[in-house]
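Reading through the structure tokens given below for one structure.
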Amino acid sequence: MNYALTFIRSLEANQYKFSGEKVLKFFSNPEVIAIYLAVVLLLVALLASAILVSLHLVRKSTDRLPEDINDLLSEARDIQKNQQPKQSIGNSRFPQLAKIDEELHFVQPMAYASCPLDELCERFRNFAAGNLGLYYDIADIRRFIAGMGISKLVILRGISGTGKTSLAYAAGEFFGNSSTVVPIQPMWKERSDMIGYFNEFTKKFNETTMLCKLYEAGGRADVYITVLDEVNISRIEYYFAEFLSLLELPDASKRYVDVVADSWKNDPERIQNGKLLLPENMWFIGTANNDDSTFAISDKVYDRAAVIDLERKCAPFPCESSSACHISYWQLTQLFEQAKKAYALSDESRRKLARLDAYMSDVFRVSFGNRIMKQIEAYIPIMIACGGSEAEALDDLLARKILRKLEQLSPAFVKNESDGLLALLDELFGIKTLRQSREYIDKLRKGY
């Protein structure tokens, strides 16, 4: 066995030796060396050619760069514009509000126009009739505009079909910013029913239409109108309680609505510490039906709101179509302030109101109060600027703010004392001048 292994190893050694000798002999051949050098030179030439071609292409690309640099930068900006906002919207717990932020960044400044309040009312009436086919008495238009001047909450009362919702809709179209209609639901009881709530499962906020409009209004100067349709199908003093309290604050910069309990780094711009500033340019127009299917509106709400009764539908009348009046919130507010200065309540009117207040307090235990007096001092001048009269404006507020409190008293007592009240109204303001107030007292005397 050992002899065999020794023999095999000897053969292998001789084989390798033989192969190595043949290789050395092959490469020692001059012809092979010449071929080898030729191949090396060919490879070097090919490499040099490739380098020259690359340099030429780079020089050509560099020469073209100044011509295309603007296009390249523009393309980069477009990519950033299209991708970055989408990423921030997707990461926000307020995706719709984040989208509004994005849209407002590209909104161009609007051109606004203004006109005197009396002309504004006439144009509004003609616009509604000629452009929308909606007809209203000019007195109701004046009450509506004057109501906006004394409160951010306006309640339109009346039976179904008198045009309450359509009046608020027409106002938005006339002011150049369509109204938002929010149908009130019977089960609404709290603020979250109006503005939404944070979903712990999805980690997103369920944003309502009203919340989006409140947020959008904070970034614009337009007049915004939110229609609370059938406002008394649920108790407004429940779901609207926080808004009622905020609207009472004299400093508008402190009217913050609680939206969420905490603050996230990527929250929308105007959500600060979980709160949203209630925009000054937002009006809430509530429509209220007078029937058995609705709740009675409390004094807390009526005292803070401007109340307008639409008692009957206006008959069509011929008119020419009128253009919209895209007025800003600041222009409209300035018109209201100018009216308060130009037609301020006279000292004689104040003395008459003081006598009436004293009489109502002594006989019926019903007083005007500071809030209603402020509304009277603002409403009457604005109503006059709109084309109405002082007596007409006073009649509106007496019937809807003061005399309605008599409904809580005994009908027999009110009936016995009504003659003295009517006599005082005739003495102070003229015989049979206050038509609405007299009609209201007559209804109370008859027990309905």
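Here, A, B, ... name the chains of the structure tokens in the order displayed, residue numbers run from 1 inside each chain, and ligands are numbered from 1 in the same displayed order.
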
Excluding Arg143 in chain A and any residue of its chain fewer than 2 positions from it, enumerate the residues within 12 Å of it, using only C-alpha atoms, and give them as a ChimeraX atom specification. /A:117-118,121,136-141,145-150,154-156,167,306-310,379-389,392-397

Would you save the residues from that selection as a tab-separated table (two decimals), in the first residue's frame, using N, CA and C atoms?
chain	number	residue	atom	x	y	z
A	117	LEU	N	-75.92	102.20	4.33
A	117	LEU	CA	-76.80	101.14	4.78
A	117	LEU	C	-78.17	101.16	4.11
A	118	ASP	N	-78.72	102.34	3.86
A	118	ASP	CA	-80.03	102.38	3.21
A	118	ASP	C	-79.95	101.84	1.78
A	121	CYS	N	-79.58	97.99	1.92
A	121	CYS	CA	-80.85	97.27	2.11
A	121	CYS	C	-81.65	97.20	0.82
A	136	TYR	N	-88.98	89.81	-0.28
A	136	TYR	CA	-89.08	90.21	1.12
A	136	TYR	C	-89.51	91.65	1.22
A	137	ASP	N	-90.23	91.93	2.28
A	137	ASP	CA	-90.61	93.30	2.57
A	137	ASP	C	-89.37	94.09	2.97
A	138	ILE	N	-89.28	95.34	2.54
A	138	ILE	CA	-88.10	96.14	2.83
A	138	ILE	C	-87.91	96.32	4.34
A	139	ALA	N	-89.02	96.33	5.10
A	139	ALA	CA	-88.91	96.47	6.55
A	139	ALA	C	-88.19	95.26	7.16
A	140	ASP	N	-88.46	94.07	6.63
A	140	ASP	CA	-87.80	92.87	7.14
A	140	ASP	C	-86.31	92.88	6.77
A	141	ILE	N	-85.98	93.38	5.60
A	141	ILE	CA	-84.57	93.48	5.22
A	141	ILE	C	-83.86	94.44	6.16
A	145	ILE	N	-80.62	93.47	8.68
A	145	ILE	CA	-79.31	94.14	8.68
A	145	ILE	C	-79.06	94.81	10.02
A	146	ALA	N	-80.08	95.48	10.57
A	146	ALA	CA	-79.91	96.13	11.88
A	146	ALA	C	-79.67	95.10	12.97
A	147	GLY	N	-80.30	93.93	12.84
A	147	GLY	CA	-80.10	92.87	13.81
A	147	GLY	C	-78.65	92.39	13.80
A	148	MET	N	-78.05	92.33	12.61
A	148	MET	CA	-76.64	91.95	12.53
A	148	MET	C	-75.75	92.99	13.20
A	149	GLY	N	-76.25	94.22	13.33
A	149	GLY	CA	-75.47	95.28	13.94
A	149	GLY	C	-75.46	95.24	15.45
A	150	ILE	N	-76.39	94.49	16.07
A	150	ILE	CA	-76.45	94.47	17.54
A	150	ILE	C	-76.08	93.12	18.14
A	154	VAL	N	-78.69	86.01	15.36
A	154	VAL	CA	-79.96	86.55	14.88
A	154	VAL	C	-80.94	85.38	14.75
A	155	ILE	N	-82.12	85.52	15.36
A	155	ILE	CA	-83.13	84.47	15.30
A	155	ILE	C	-84.30	84.95	14.45
A	156	LEU	N	-84.62	84.17	13.43
A	156	LEU	CA	-85.75	84.44	12.54
A	156	LEU	C	-86.89	83.52	12.94
A	167	LEU	N	-83.90	83.63	3.54
A	167	LEU	CA	-83.40	84.98	3.79
A	167	LEU	C	-81.92	84.92	4.20
A	306	ALA	N	-80.70	88.98	18.39
A	306	ALA	CA	-81.59	89.88	17.67
A	306	ALA	C	-82.72	89.03	17.10
A	307	VAL	N	-83.95	89.33	17.48
A	307	VAL	CA	-85.10	88.50	17.12
A	307	VAL	C	-85.93	89.22	16.06
A	308	ILE	N	-86.22	88.51	14.98
A	308	ILE	CA	-87.01	89.07	13.88
A	308	ILE	C	-88.15	88.11	13.57
A	309	ASP	N	-89.36	88.62	13.52
A	309	ASP	CA	-90.54	87.82	13.18
A	309	ASP	C	-90.86	87.98	11.70
A	310	LEU	N	-90.88	86.87	11.00
A	310	LEU	CA	-91.36	86.85	9.61
A	310	LEU	C	-92.77	86.28	9.65
A	379	TYR	N	-79.51	99.50	18.09
A	379	TYR	CA	-80.47	99.08	17.05
A	379	TYR	C	-81.17	100.28	16.41
A	380	ILE	N	-81.62	101.23	17.22
A	380	ILE	CA	-82.37	102.36	16.69
A	380	ILE	C	-81.54	103.19	15.70
A	381	PRO	N	-80.30	103.59	16.02
A	381	PRO	CA	-79.50	104.34	15.04
A	381	PRO	C	-79.24	103.56	13.75
A	382	ILE	N	-78.94	102.25	13.87
A	382	ILE	CA	-78.67	101.47	12.67
A	382	ILE	C	-79.93	101.32	11.84
A	383	MET	N	-81.06	101.14	12.50
A	383	MET	CA	-82.33	101.03	11.78
A	383	MET	C	-82.64	102.32	11.02
A	384	ILE	N	-82.36	103.46	11.64
A	384	ILE	CA	-82.58	104.74	10.95
A	384	ILE	C	-81.65	104.85	9.74
A	385	ALA	N	-80.39	104.46	9.90
A	385	ALA	CA	-79.44	104.50	8.78
A	385	ALA	C	-79.87	103.57	7.66
A	386	CYS	N	-80.58	102.50	7.99
A	386	CYS	CA	-81.06	101.56	6.97
A	386	CYS	C	-82.29	102.09	6.23
A	387	GLY	N	-82.85	103.20	6.69
A	387	GLY	CA	-84.02	103.77	6.04
A	387	GLY	C	-85.29	103.68	6.85
A	388	GLY	N	-85.21	103.12	8.07
A	388	GLY	CA	-86.37	103.03	8.92
A	388	GLY	C	-86.53	104.25	9.80
A	389	SER	N	-87.44	104.15	10.77
A	389	SER	CA	-87.70	105.28	11.68
A	389	SER	C	-87.40	104.86	13.11
A	392	GLU	N	-90.36	102.90	14.61
A	392	GLU	CA	-90.41	101.53	14.08
A	392	GLU	C	-89.37	100.65	14.76
A	393	ALA	N	-88.17	101.18	14.95
A	393	ALA	CA	-87.11	100.41	15.59
A	393	ALA	C	-87.44	100.13	17.05
A	394	LEU	N	-87.95	101.14	17.76
A	394	LEU	CA	-88.31	100.94	19.16
A	394	LEU	C	-89.45	99.93	19.28
A	395	ASP	N	-90.38	99.98	18.36
A	395	ASP	CA	-91.49	99.04	18.35
A	395	ASP	C	-91.00	97.61	18.21
A	396	ASP	N	-89.99	97.40	17.36
A	396	ASP	CA	-89.43	96.06	17.18
A	396	ASP	C	-88.91	95.49	18.50
A	397	LEU	N	-88.10	96.28	19.20
A	397	LEU	CA	-87.47	95.78	20.41
A	397	LEU	C	-88.44	95.65	21.57

Please extract the residues of range 224-362 of chain A with a backbone DSSP assignment of strand (DSSP E) and present them as a list in words. Tyr224, Ile225, Thr226, Val227, Leu228, Asp229, Tyr256, Val257, Asp258, Ile271, Gln272, Lys275, Leu276, Leu277, Met282, Trp283, Phe284, Ile285, Gly286, Thr287, Ala288, Asn289, Ala306, Val307, Ile308 and Asp309 of chain A

Once you have the residues from the selection above, write them out as a compact mmCIF listing (two decimals), in the first residue's frame, restricted to C-alpha atoms.
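In the end it all went to part-v4.txt:
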# COMPACT_ATOMS: atom_id res chain seq x y z
CA TYR A 224 -69.54 84.69 7.12
CA ILE A 225 -73.06 83.43 7.85
CA THR A 226 -73.82 80.07 9.47
CA VAL A 227 -77.48 79.12 9.41
CA LEU A 228 -78.62 77.08 12.42
CA ASP A 229 -81.65 75.59 10.71
CA TYR A 256 -61.65 81.07 22.51
CA VAL A 257 -63.63 77.91 21.81
CA ASP A 258 -62.32 74.74 23.45
CA ILE A 271 -55.52 75.95 16.89
CA GLN A 272 -53.52 77.27 19.82
CA LYS A 275 -58.45 76.35 21.41
CA LEU A 276 -59.82 78.23 18.41
CA LEU A 277 -60.48 81.97 18.46
CA MET A 282 -69.05 85.06 11.77
CA TRP A 283 -72.80 85.55 12.28
CA PHE A 284 -75.11 82.76 13.45
CA ILE A 285 -78.61 82.95 11.98
CA GLY A 286 -81.09 80.67 13.73
CA THR A 287 -84.41 79.79 12.14
CA ALA A 288 -87.21 78.93 14.60
CA ASN A 289 -90.59 77.46 13.79
CA ALA A 306 -81.59 89.88 17.67
CA VAL A 307 -85.10 88.50 17.12
CA ILE A 308 -87.01 89.07 13.88
CA ASP A 309 -90.54 87.82 13.18

Could you check the closest approach to Gly430 in chain A for each of A:Ala391, A:Ala296, A:Ala412, A:Ala38 and tell me which residue wins, using only C-alpha atoms?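 Closest to Gly430 in chain A, using only C-alpha atoms: A:Ala391.
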
Counting only C-alpha atoms, which residue out of A:Arg220, A:Lys213, A:Arg355, A:Lys313 sits closest to Ile159 in chain A?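 For Ile159 in chain A, the nearest of the candidates is A:Lys313.
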
Among the residues of range 85-330 of chain A, find those DSSP assigns to helix (DSSP H, G or I) from the backbone and print them as JSON, numbers by chain. {"A": [85, 86, 87, 88, 89, 90, 91, 95, 96, 97, 98, 99, 100, 101, 102, 103, 104, 117, 118, 119, 120, 121, 122, 123, 124, 125, 126, 127, 128, 129, 130, 131, 132, 138, 139, 140, 141, 142, 143, 144, 145, 146, 147, 148, 149, 150, 164, 165, 166, 167, 168, 169, 170, 171, 172, 173, 174, 192, 193, 194, 195, 209, 210, 211, 212, 213, 214, 215, 216, 217, 236, 237, 238, 239, 241, 242, 243, 244, 245, 246, 247, 248, 252, 253, 254, 299, 300, 301, 302, 303, 304, 329, 330]}
